[in-house]
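Printed here is run-v9.txt (compact mmCIF, N, CA and C atoms):
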```
# COMPACT_ATOMS: atom_id res chain seq x y z
N LEU A 274 -11.16 -5.54 -19.25
CA LEU A 274 -10.17 -4.51 -19.47
C LEU A 274 -8.87 -4.83 -18.75
N TYR A 275 -8.95 -5.38 -17.54
CA TYR A 275 -7.73 -5.72 -16.82
C TYR A 275 -6.96 -6.83 -17.53
N LEU A 276 -7.69 -7.85 -18.01
CA LEU A 276 -7.04 -9.01 -18.62
C LEU A 276 -6.59 -8.77 -20.04
N ASP A 277 -7.29 -7.92 -20.77
CA ASP A 277 -6.96 -7.66 -22.16
C ASP A 277 -7.04 -6.16 -22.44
N PRO A 278 -6.07 -5.38 -21.92
CA PRO A 278 -6.14 -3.92 -22.10
C PRO A 278 -5.91 -3.52 -23.55
N PRO A 279 -6.48 -2.39 -23.97
CA PRO A 279 -6.24 -1.89 -25.32
C PRO A 279 -4.75 -1.57 -25.51
N GLU A 280 -4.31 -1.59 -26.77
CA GLU A 280 -2.93 -1.21 -27.06
C GLU A 280 -2.73 0.27 -26.78
N LYS A 281 -1.54 0.61 -26.37
CA LYS A 281 -1.17 2.01 -26.07
C LYS A 281 -2.14 2.62 -25.06
N ALA A 282 -2.48 1.84 -24.03
CA ALA A 282 -3.42 2.31 -23.00
C ALA A 282 -2.96 1.85 -21.63
N LEU A 283 -3.35 2.61 -20.64
CA LEU A 283 -3.07 2.26 -19.25
C LEU A 283 -4.42 2.09 -18.54
N VAL A 284 -4.63 0.92 -17.97
CA VAL A 284 -5.87 0.62 -17.25
C VAL A 284 -5.59 0.80 -15.76
N LEU A 285 -6.41 1.61 -15.10
CA LEU A 285 -6.21 1.92 -13.68
C LEU A 285 -7.46 1.56 -12.88
N CYS A 286 -7.26 1.00 -11.72
CA CYS A 286 -8.34 0.77 -10.76
C CYS A 286 -8.34 1.98 -9.83
N VAL A 287 -9.42 2.77 -9.85
CA VAL A 287 -9.48 4.04 -9.12
C VAL A 287 -10.53 3.96 -8.02
N ASP A 288 -10.17 4.45 -6.84
CA ASP A 288 -11.12 4.51 -5.74
C ASP A 288 -10.69 5.59 -4.77
N GLU A 289 -11.53 5.84 -3.78
CA GLU A 289 -11.20 6.84 -2.78
C GLU A 289 -11.53 6.30 -1.40
N LYS A 290 -10.85 6.82 -0.43
CA LYS A 290 -11.13 6.54 0.96
C LYS A 290 -11.32 7.87 1.65
N SER A 291 -12.54 8.13 2.07
CA SER A 291 -12.84 9.41 2.71
C SER A 291 -12.77 9.26 4.23
N GLN A 292 -12.69 10.37 4.89
CA GLN A 292 -12.71 10.48 6.35
C GLN A 292 -11.63 9.65 7.03
N ILE A 293 -10.42 9.72 6.48
CA ILE A 293 -9.27 9.09 7.12
C ILE A 293 -8.87 9.98 8.30
N GLN A 294 -8.74 9.38 9.47
CA GLN A 294 -8.33 10.14 10.65
C GLN A 294 -6.91 10.63 10.47
N ALA A 295 -6.64 11.84 10.89
CA ALA A 295 -5.30 12.42 10.81
C ALA A 295 -4.83 12.80 12.21
N PRO A 296 -4.55 11.80 13.07
CA PRO A 296 -4.13 12.12 14.44
C PRO A 296 -2.67 12.53 14.50
N ASP A 297 -2.34 13.23 15.54
CA ASP A 297 -0.96 13.61 15.81
C ASP A 297 -0.70 13.35 17.29
N ARG A 298 0.51 13.04 17.66
CA ARG A 298 0.85 12.79 19.06
C ARG A 298 0.75 14.09 19.86
N SER A 299 0.37 13.96 21.13
CA SER A 299 0.25 15.14 21.98
C SER A 299 1.61 15.65 22.43
N GLN A 300 2.64 14.79 22.36
CA GLN A 300 4.00 15.19 22.73
C GLN A 300 4.96 14.67 21.67
N GLN A 301 6.12 15.27 21.62
CA GLN A 301 7.15 14.87 20.66
C GLN A 301 7.60 13.43 20.92
N VAL A 302 7.87 12.67 19.86
CA VAL A 302 8.38 11.31 19.99
C VAL A 302 9.82 11.41 20.48
N LEU A 303 10.13 10.63 21.51
CA LEU A 303 11.49 10.63 22.05
C LEU A 303 12.33 9.64 21.24
N PRO A 304 13.50 10.06 20.79
CA PRO A 304 14.31 9.21 19.92
C PRO A 304 14.92 8.02 20.65
N MET A 305 15.31 7.01 19.87
CA MET A 305 16.01 5.85 20.42
C MET A 305 17.43 6.28 20.83
N MET A 306 17.90 5.64 21.87
CA MET A 306 19.29 5.84 22.30
C MET A 306 19.85 4.44 22.56
N PRO A 307 21.16 4.29 22.67
CA PRO A 307 21.71 2.96 22.93
C PRO A 307 21.08 2.32 24.18
N GLY A 308 20.49 1.18 23.99
CA GLY A 308 19.87 0.46 25.10
C GLY A 308 18.49 0.95 25.49
N VAL A 309 17.96 1.98 24.83
CA VAL A 309 16.64 2.52 25.16
C VAL A 309 15.79 2.58 23.89
N PRO A 310 14.63 1.94 23.89
CA PRO A 310 13.78 1.99 22.69
C PRO A 310 13.17 3.39 22.50
N GLY A 311 12.74 3.69 21.28
CA GLY A 311 12.03 4.94 21.04
C GLY A 311 10.76 4.99 21.87
N ARG A 312 10.36 6.17 22.32
CA ARG A 312 9.17 6.29 23.17
C ARG A 312 8.25 7.36 22.62
N ARG A 313 6.97 7.14 22.83
CA ARG A 313 5.97 8.10 22.40
C ARG A 313 4.83 8.13 23.40
N SER A 314 4.09 9.22 23.39
CA SER A 314 2.97 9.37 24.33
C SER A 314 1.84 8.42 23.94
N HIS A 315 1.00 8.10 24.90
CA HIS A 315 -0.10 7.17 24.67
C HIS A 315 -1.33 7.86 24.06
N ASP A 316 -1.39 9.17 24.13
CA ASP A 316 -2.58 9.87 23.64
C ASP A 316 -2.25 10.66 22.37
N CYS A 317 -3.31 11.09 21.72
CA CYS A 317 -3.11 11.84 20.48
C CYS A 317 -4.10 12.99 20.41
N VAL A 318 -3.82 13.91 19.51
CA VAL A 318 -4.67 15.06 19.27
C VAL A 318 -5.28 14.88 17.89
N ARG A 319 -6.58 15.00 17.80
CA ARG A 319 -7.24 14.86 16.49
C ARG A 319 -6.94 16.08 15.64
N ALA A 320 -6.50 15.82 14.42
CA ALA A 320 -6.16 16.91 13.51
C ALA A 320 -7.12 16.92 12.32
N GLY A 321 -8.32 16.39 12.51
CA GLY A 321 -9.31 16.38 11.44
C GLY A 321 -9.24 15.11 10.62
N THR A 322 -9.80 15.17 9.42
CA THR A 322 -9.81 14.02 8.52
C THR A 322 -9.28 14.45 7.16
N THR A 323 -8.97 13.46 6.36
CA THR A 323 -8.49 13.71 5.01
C THR A 323 -9.11 12.68 4.07
N THR A 324 -9.06 12.92 2.78
CA THR A 324 -9.57 11.99 1.78
C THR A 324 -8.43 11.58 0.87
N LEU A 325 -8.33 10.28 0.60
CA LEU A 325 -7.32 9.75 -0.30
C LEU A 325 -7.98 9.32 -1.60
N PHE A 326 -7.51 9.85 -2.72
CA PHE A 326 -7.87 9.35 -4.04
C PHE A 326 -6.67 8.56 -4.54
N ALA A 327 -6.89 7.35 -5.06
CA ALA A 327 -5.77 6.52 -5.50
C ALA A 327 -6.12 5.75 -6.76
N ALA A 328 -5.09 5.52 -7.59
CA ALA A 328 -5.22 4.74 -8.82
C ALA A 328 -4.16 3.66 -8.79
N LEU A 329 -4.59 2.41 -8.94
CA LEU A 329 -3.69 1.27 -8.96
C LEU A 329 -3.51 0.81 -10.40
N GLU A 330 -2.25 0.77 -10.84
CA GLU A 330 -1.93 0.20 -12.14
C GLU A 330 -1.78 -1.31 -11.91
N VAL A 331 -2.80 -2.07 -12.26
CA VAL A 331 -2.87 -3.48 -11.91
C VAL A 331 -1.69 -4.27 -12.49
N ALA A 332 -1.28 -3.93 -13.69
CA ALA A 332 -0.21 -4.68 -14.35
C ALA A 332 1.12 -4.59 -13.62
N THR A 333 1.41 -3.46 -12.97
CA THR A 333 2.72 -3.27 -12.33
C THR A 333 2.64 -3.12 -10.82
N GLY A 334 1.46 -2.81 -10.29
CA GLY A 334 1.32 -2.58 -8.85
C GLY A 334 1.63 -1.15 -8.44
N LYS A 335 1.94 -0.28 -9.39
CA LYS A 335 2.24 1.12 -9.08
C LYS A 335 0.96 1.81 -8.63
N VAL A 336 1.07 2.67 -7.61
CA VAL A 336 -0.08 3.42 -7.10
C VAL A 336 0.21 4.91 -7.24
N ILE A 337 -0.76 5.63 -7.77
CA ILE A 337 -0.71 7.09 -7.82
C ILE A 337 -1.81 7.57 -6.89
N GLY A 338 -1.45 8.37 -5.91
CA GLY A 338 -2.45 8.82 -4.95
C GLY A 338 -2.27 10.27 -4.59
N SER A 339 -3.34 10.86 -4.08
CA SER A 339 -3.26 12.23 -3.60
C SER A 339 -4.25 12.42 -2.46
N LEU A 340 -3.86 13.26 -1.51
CA LEU A 340 -4.70 13.55 -0.35
C LEU A 340 -5.38 14.89 -0.53
N HIS A 341 -6.61 14.98 -0.06
CA HIS A 341 -7.39 16.22 -0.16
C HIS A 341 -8.12 16.44 1.16
N ARG A 342 -8.28 17.70 1.52
CA ARG A 342 -8.92 18.03 2.79
C ARG A 342 -10.39 17.61 2.83
N ARG A 343 -11.06 17.70 1.70
CA ARG A 343 -12.49 17.37 1.67
C ARG A 343 -12.77 16.41 0.53
N HIS A 344 -13.87 15.69 0.64
CA HIS A 344 -14.27 14.73 -0.38
C HIS A 344 -15.26 15.40 -1.32
N ARG A 345 -14.73 16.06 -2.34
CA ARG A 345 -15.53 16.85 -3.26
C ARG A 345 -15.12 16.55 -4.70
N ALA A 346 -15.96 16.94 -5.63
CA ALA A 346 -15.67 16.76 -7.06
C ALA A 346 -14.42 17.54 -7.46
N ALA A 347 -14.19 18.68 -6.84
CA ALA A 347 -13.00 19.47 -7.17
C ALA A 347 -11.73 18.69 -6.83
N GLY A 348 -11.74 17.97 -5.73
CA GLY A 348 -10.59 17.14 -5.37
C GLY A 348 -10.40 16.00 -6.35
N PHE A 349 -11.50 15.41 -6.80
CA PHE A 349 -11.40 14.34 -7.79
C PHE A 349 -10.87 14.88 -9.12
N ARG A 350 -11.29 16.09 -9.50
CA ARG A 350 -10.79 16.71 -10.73
C ARG A 350 -9.28 16.96 -10.60
N GLU A 351 -8.83 17.44 -9.45
CA GLU A 351 -7.40 17.64 -9.22
C GLU A 351 -6.64 16.31 -9.33
N PHE A 352 -7.26 15.25 -8.82
CA PHE A 352 -6.65 13.92 -8.92
C PHE A 352 -6.54 13.49 -10.38
N LEU A 353 -7.60 13.70 -11.17
CA LEU A 353 -7.53 13.38 -12.60
C LEU A 353 -6.44 14.18 -13.30
N THR A 354 -6.29 15.44 -12.93
CA THR A 354 -5.23 16.27 -13.50
C THR A 354 -3.86 15.71 -13.13
N GLU A 355 -3.72 15.24 -11.91
CA GLU A 355 -2.46 14.62 -11.49
C GLU A 355 -2.19 13.35 -12.30
N LEU A 356 -3.23 12.54 -12.52
CA LEU A 356 -3.07 11.35 -13.36
C LEU A 356 -2.63 11.75 -14.76
N ASP A 357 -3.24 12.80 -15.30
CA ASP A 357 -2.91 13.28 -16.64
C ASP A 357 -1.42 13.64 -16.73
N GLU A 358 -0.88 14.21 -15.66
CA GLU A 358 0.53 14.59 -15.64
C GLU A 358 1.45 13.38 -15.43
N GLU A 359 1.00 12.40 -14.64
CA GLU A 359 1.83 11.23 -14.31
C GLU A 359 1.92 10.22 -15.45
N VAL A 360 0.83 10.03 -16.17
CA VAL A 360 0.79 9.01 -17.23
C VAL A 360 1.42 9.58 -18.49
N PRO A 361 2.32 8.81 -19.13
CA PRO A 361 2.93 9.29 -20.37
C PRO A 361 1.89 9.75 -21.39
N ALA A 362 2.20 10.83 -22.09
CA ALA A 362 1.25 11.48 -23.00
C ALA A 362 0.83 10.59 -24.17
N ASP A 363 1.62 9.58 -24.52
CA ASP A 363 1.27 8.74 -25.66
C ASP A 363 0.31 7.61 -25.31
N LEU A 364 -0.10 7.51 -24.04
CA LEU A 364 -1.01 6.44 -23.62
C LEU A 364 -2.43 6.96 -23.40
N GLN A 365 -3.41 6.16 -23.80
CA GLN A 365 -4.80 6.41 -23.44
C GLN A 365 -4.96 5.98 -21.98
N VAL A 366 -5.87 6.61 -21.24
CA VAL A 366 -6.06 6.30 -19.82
C VAL A 366 -7.47 5.76 -19.64
N HIS A 367 -7.56 4.55 -19.05
CA HIS A 367 -8.84 3.88 -18.83
C HIS A 367 -9.04 3.64 -17.33
N PRO A 368 -9.52 4.63 -16.58
CA PRO A 368 -9.80 4.40 -15.16
C PRO A 368 -11.10 3.60 -15.00
N ILE A 369 -11.04 2.57 -14.16
CA ILE A 369 -12.22 1.80 -13.79
C ILE A 369 -12.60 2.25 -12.39
N LEU A 370 -13.84 2.75 -12.23
CA LEU A 370 -14.25 3.33 -10.95
C LEU A 370 -15.72 3.08 -10.67
N ASP A 371 -16.11 3.35 -9.44
CA ASP A 371 -17.51 3.14 -9.06
C ASP A 371 -18.36 4.34 -9.47
N ASN A 372 -19.65 4.24 -9.23
CA ASN A 372 -20.61 5.26 -9.66
C ASN A 372 -20.80 6.39 -8.65
N TYR A 373 -19.80 6.67 -7.83
CA TYR A 373 -19.95 7.70 -6.81
C TYR A 373 -20.28 9.04 -7.45
N ALA A 374 -21.07 9.84 -6.79
CA ALA A 374 -21.59 11.09 -7.36
C ALA A 374 -20.51 12.09 -7.77
N THR A 375 -19.36 12.09 -7.10
CA THR A 375 -18.32 13.07 -7.45
C THR A 375 -17.78 12.86 -8.86
N ARG A 376 -18.00 11.69 -9.44
CA ARG A 376 -17.49 11.41 -10.78
C ARG A 376 -18.40 11.93 -11.89
N LYS A 377 -19.60 12.38 -11.53
CA LYS A 377 -20.60 12.75 -12.54
C LYS A 377 -21.07 14.19 -12.42
N THR A 378 -20.32 15.02 -11.73
CA THR A 378 -20.72 16.42 -11.55
C THR A 378 -20.43 17.21 -12.82
N PRO A 379 -21.03 18.38 -12.98
CA PRO A 379 -20.74 19.23 -14.15
C PRO A 379 -19.25 19.57 -14.27
N ASP A 380 -18.57 19.72 -13.14
CA ASP A 380 -17.15 20.02 -13.16
C ASP A 380 -16.35 18.90 -13.85
N ILE A 381 -16.67 17.66 -13.54
CA ILE A 381 -15.98 16.51 -14.16
C ILE A 381 -16.42 16.37 -15.61
N LYS A 382 -17.70 16.54 -15.88
CA LYS A 382 -18.20 16.44 -17.26
C LYS A 382 -17.57 17.50 -18.16
N LYS A 383 -17.22 18.64 -17.59
CA LYS A 383 -16.54 19.70 -18.34
C LYS A 383 -15.06 19.36 -18.56
N TRP A 384 -14.45 18.70 -17.59
CA TRP A 384 -13.03 18.36 -17.66
C TRP A 384 -12.77 17.27 -18.71
N LEU A 385 -13.63 16.27 -18.78
CA LEU A 385 -13.40 15.12 -19.66
C LEU A 385 -13.25 15.46 -21.14
N PRO A 386 -14.11 16.28 -21.75
CA PRO A 386 -13.93 16.60 -23.17
C PRO A 386 -12.61 17.32 -23.47
N ALA A 387 -12.08 18.04 -22.49
CA ALA A 387 -10.80 18.72 -22.67
C ALA A 387 -9.62 17.75 -22.56
N HIS A 388 -9.88 16.53 -22.12
CA HIS A 388 -8.86 15.50 -21.96
C HIS A 388 -9.35 14.21 -22.63
N PRO A 389 -9.36 14.18 -23.96
CA PRO A 389 -9.99 13.07 -24.68
C PRO A 389 -9.30 11.72 -24.53
N ARG A 390 -8.11 11.67 -23.97
CA ARG A 390 -7.46 10.37 -23.79
C ARG A 390 -8.00 9.61 -22.57
N PHE A 391 -8.83 10.26 -21.76
CA PHE A 391 -9.45 9.61 -20.60
C PHE A 391 -10.78 8.98 -21.01
N HIS A 392 -10.92 7.70 -20.68
CA HIS A 392 -12.15 6.94 -20.96
C HIS A 392 -12.59 6.29 -19.66
N LEU A 393 -13.58 6.89 -18.99
CA LEU A 393 -14.03 6.36 -17.69
C LEU A 393 -14.90 5.13 -17.88
N HIS A 394 -14.68 4.13 -17.05
CA HIS A 394 -15.49 2.90 -17.05
C HIS A 394 -16.05 2.74 -15.65
N PHE A 395 -17.39 2.69 -15.56
CA PHE A 395 -18.05 2.60 -14.26
C PHE A 395 -18.46 1.16 -13.97
N THR A 396 -18.24 0.72 -12.71
CA THR A 396 -18.62 -0.63 -12.33
C THR A 396 -20.08 -0.67 -11.97
```

For the file at hand, write its structure as structure tokens.
Amino acid sequence: LYLDPPEKALVLCVDEKSQIQAPDRSQQVLPMMPGVPGRRSHDCVRAGTTTLFAALEVATGKVIGSLHRRHRAAGFREFLTELDEEVPADLQVHPILDNYATRKTPDIKKWLPAHPRFHLHFT
């Protein structure tokens, strides 16, 4: 699919990274001044984790991504909806993705028939 994509179609490599740390500095970053480099505190405050869903358009290198508080099927459905809005309406969408469970929930199975231009390919 990557080497010989269908006509009028966009092939995307889709994956997610869950449990990304979201740290924040314990103090405000001090700005640079003439002759003085920017300074920041050595410690940080944990602000929880986040999940990144991303789609790479291999042909151009463009990345479409979105962050979600939790790694759930609802977040993946929101990501698919974002892809649907980002990709021109005249193109078929061929995401290539792994067999992770969030891709096969009833919520996703219900979403796909309502968006017939999406054709999921599992590795």

### Task
Rank nothing, just name the residue among A:Ser291, A:Glu358, A:Thr375, A:Val331 nearest to Arg345 in chain A, using only C-alpha atoms.
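Closest residue, counting only C-alpha atoms: A:Thr375.
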
### Task
Write down as a list of chain:residue names the residues belonging to range 287-379 of chain A that are assigned alpha helix (DSSP H) by DSSP computed on the backbone.
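Filtering range 287-379 of chain A down to alpha helix (DSSP H) leaves A:Ala346, A:Ala347, A:Gly348, A:Phe349, A:Arg350, A:Glu351, A:Phe352, A:Leu353, A:Thr354, A:Glu355, A:Leu356, A:Asp357, A:Glu358, A:Glu359, A:Pro379.
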
#### Entry: Interatomic distance (Å, one decimal) between atom N of Glu280 in chain A and atom N of Leu393 in chain A
14.8 Å

### Message
One decimal, in Å: what's the spacing between atom N of Gln300 in chain A and atom N of Ser314 in chain A?
### Response
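Interatomic distance, atom N of Gln300 in chain A to atom N of Ser314 in chain A: 5.8 Å.
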
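Note that atom C of Ile369 in chain A and CA of Thr324 in chain A are 17.5 Å apart.
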
Mind listing as a tab-separated table (two decimals) with N, CA and C atoms, keeping the file's coordinate frame all residues within 5 Å of (-13.7, 3.8, -11.7), counting all atoms listed in the file?
```
chain	number	residue	atom	x	y	z
A	287	VAL	N	-9.42	2.77	-9.85
A	287	VAL	CA	-9.48	4.04	-9.12
A	287	VAL	C	-10.53	3.96	-8.02
A	368	PRO	N	-9.52	4.63	-16.58
A	368	PRO	CA	-9.80	4.40	-15.16
A	368	PRO	C	-11.10	3.60	-15.00
A	369	ILE	N	-11.04	2.57	-14.16
A	369	ILE	CA	-12.22	1.80	-13.79
A	369	ILE	C	-12.60	2.25	-12.39
A	370	LEU	N	-13.84	2.75	-12.23
A	370	LEU	CA	-14.25	3.33	-10.95
A	370	LEU	C	-15.72	3.08	-10.67
A	371	ASP	N	-16.11	3.35	-9.44
A	371	ASP	CA	-17.51	3.14	-9.06
A	371	ASP	C	-18.36	4.34	-9.47
A	394	HIS	N	-14.68	4.13	-17.05
A	394	HIS	CA	-15.49	2.90	-17.05
A	394	HIS	C	-16.05	2.74	-15.65
```

Which residues are close to His367 in chain A, i.e. within 12 Å by only C-alpha atoms, leaving aside same-chain residues fewer than 4 positions away? Reply as a short mmCIF file (atom, residue, chain, number, x, y, z; two decimals) with N, CA and C atoms, keeping the file's coordinate frame.
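Output (part.cif):
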```
data_model
loop_
_atom_site.label_atom_id
_atom_site.label_comp_id
_atom_site.auth_asym_id
_atom_site.auth_seq_id
_atom_site.Cartn_x
_atom_site.Cartn_y
_atom_site.Cartn_z
N LEU A 274 -11.16 -5.54 -19.25
CA LEU A 274 -10.17 -4.51 -19.47
C LEU A 274 -8.87 -4.83 -18.75
N TYR A 275 -8.95 -5.38 -17.54
CA TYR A 275 -7.73 -5.72 -16.82
C TYR A 275 -6.96 -6.83 -17.53
N PRO A 278 -6.07 -5.38 -21.92
CA PRO A 278 -6.14 -3.92 -22.10
C PRO A 278 -5.91 -3.52 -23.55
N PRO A 279 -6.48 -2.39 -23.97
CA PRO A 279 -6.24 -1.89 -25.32
C PRO A 279 -4.75 -1.57 -25.51
N GLU A 280 -4.31 -1.59 -26.77
CA GLU A 280 -2.93 -1.21 -27.06
C GLU A 280 -2.73 0.27 -26.78
N LYS A 281 -1.54 0.61 -26.37
CA LYS A 281 -1.17 2.01 -26.07
C LYS A 281 -2.14 2.62 -25.06
N ALA A 282 -2.48 1.84 -24.03
CA ALA A 282 -3.42 2.31 -23.00
C ALA A 282 -2.96 1.85 -21.63
N LEU A 283 -3.35 2.61 -20.64
CA LEU A 283 -3.07 2.26 -19.25
C LEU A 283 -4.42 2.09 -18.54
N VAL A 284 -4.63 0.92 -17.97
CA VAL A 284 -5.87 0.62 -17.25
C VAL A 284 -5.59 0.80 -15.76
N LEU A 285 -6.41 1.61 -15.10
CA LEU A 285 -6.21 1.92 -13.68
C LEU A 285 -7.46 1.56 -12.88
N CYS A 286 -7.26 1.00 -11.72
CA CYS A 286 -8.34 0.77 -10.76
C CYS A 286 -8.34 1.98 -9.83
N VAL A 287 -9.42 2.77 -9.85
CA VAL A 287 -9.48 4.04 -9.12
C VAL A 287 -10.53 3.96 -8.02
N ALA A 328 -5.09 5.52 -7.59
CA ALA A 328 -5.22 4.74 -8.82
C ALA A 328 -4.16 3.66 -8.79
N LEU A 329 -4.59 2.41 -8.94
CA LEU A 329 -3.69 1.27 -8.96
C LEU A 329 -3.51 0.81 -10.40
N GLU A 330 -2.25 0.77 -10.84
CA GLU A 330 -1.93 0.20 -12.14
C GLU A 330 -1.78 -1.31 -11.91
N VAL A 331 -2.80 -2.07 -12.26
CA VAL A 331 -2.87 -3.48 -11.91
C VAL A 331 -1.69 -4.27 -12.49
N LEU A 353 -7.60 13.70 -11.17
CA LEU A 353 -7.53 13.38 -12.60
C LEU A 353 -6.44 14.18 -13.30
N LEU A 356 -3.23 12.54 -12.52
CA LEU A 356 -3.07 11.35 -13.36
C LEU A 356 -2.63 11.75 -14.76
N ASP A 357 -3.24 12.80 -15.30
CA ASP A 357 -2.91 13.28 -16.64
C ASP A 357 -1.42 13.64 -16.73
N VAL A 360 0.83 10.03 -16.17
CA VAL A 360 0.79 9.01 -17.23
C VAL A 360 1.42 9.58 -18.49
N PRO A 389 -9.36 14.18 -23.96
CA PRO A 389 -9.99 13.07 -24.68
C PRO A 389 -9.30 11.72 -24.53
N ARG A 390 -8.11 11.67 -23.97
CA ARG A 390 -7.46 10.37 -23.79
C ARG A 390 -8.00 9.61 -22.57
N PHE A 391 -8.83 10.26 -21.76
CA PHE A 391 -9.45 9.61 -20.60
C PHE A 391 -10.78 8.98 -21.01
N HIS A 392 -10.92 7.70 -20.68
CA HIS A 392 -12.15 6.94 -20.96
C HIS A 392 -12.59 6.29 -19.66
N LEU A 393 -13.58 6.89 -18.99
CA LEU A 393 -14.03 6.36 -17.69
C LEU A 393 -14.90 5.13 -17.88
N HIS A 394 -14.68 4.13 -17.05
CA HIS A 394 -15.49 2.90 -17.05
C HIS A 394 -16.05 2.74 -15.65
N PHE A 395 -17.39 2.69 -15.56
CA PHE A 395 -18.05 2.60 -14.26
C PHE A 395 -18.46 1.16 -13.97
#
```

### Query
Within 8 Å of (-15.3, 15.9, -6.6), all atoms listed in the file: residues as a PyMOL selection string?
chain A and resi 343-351+374-378+380-381
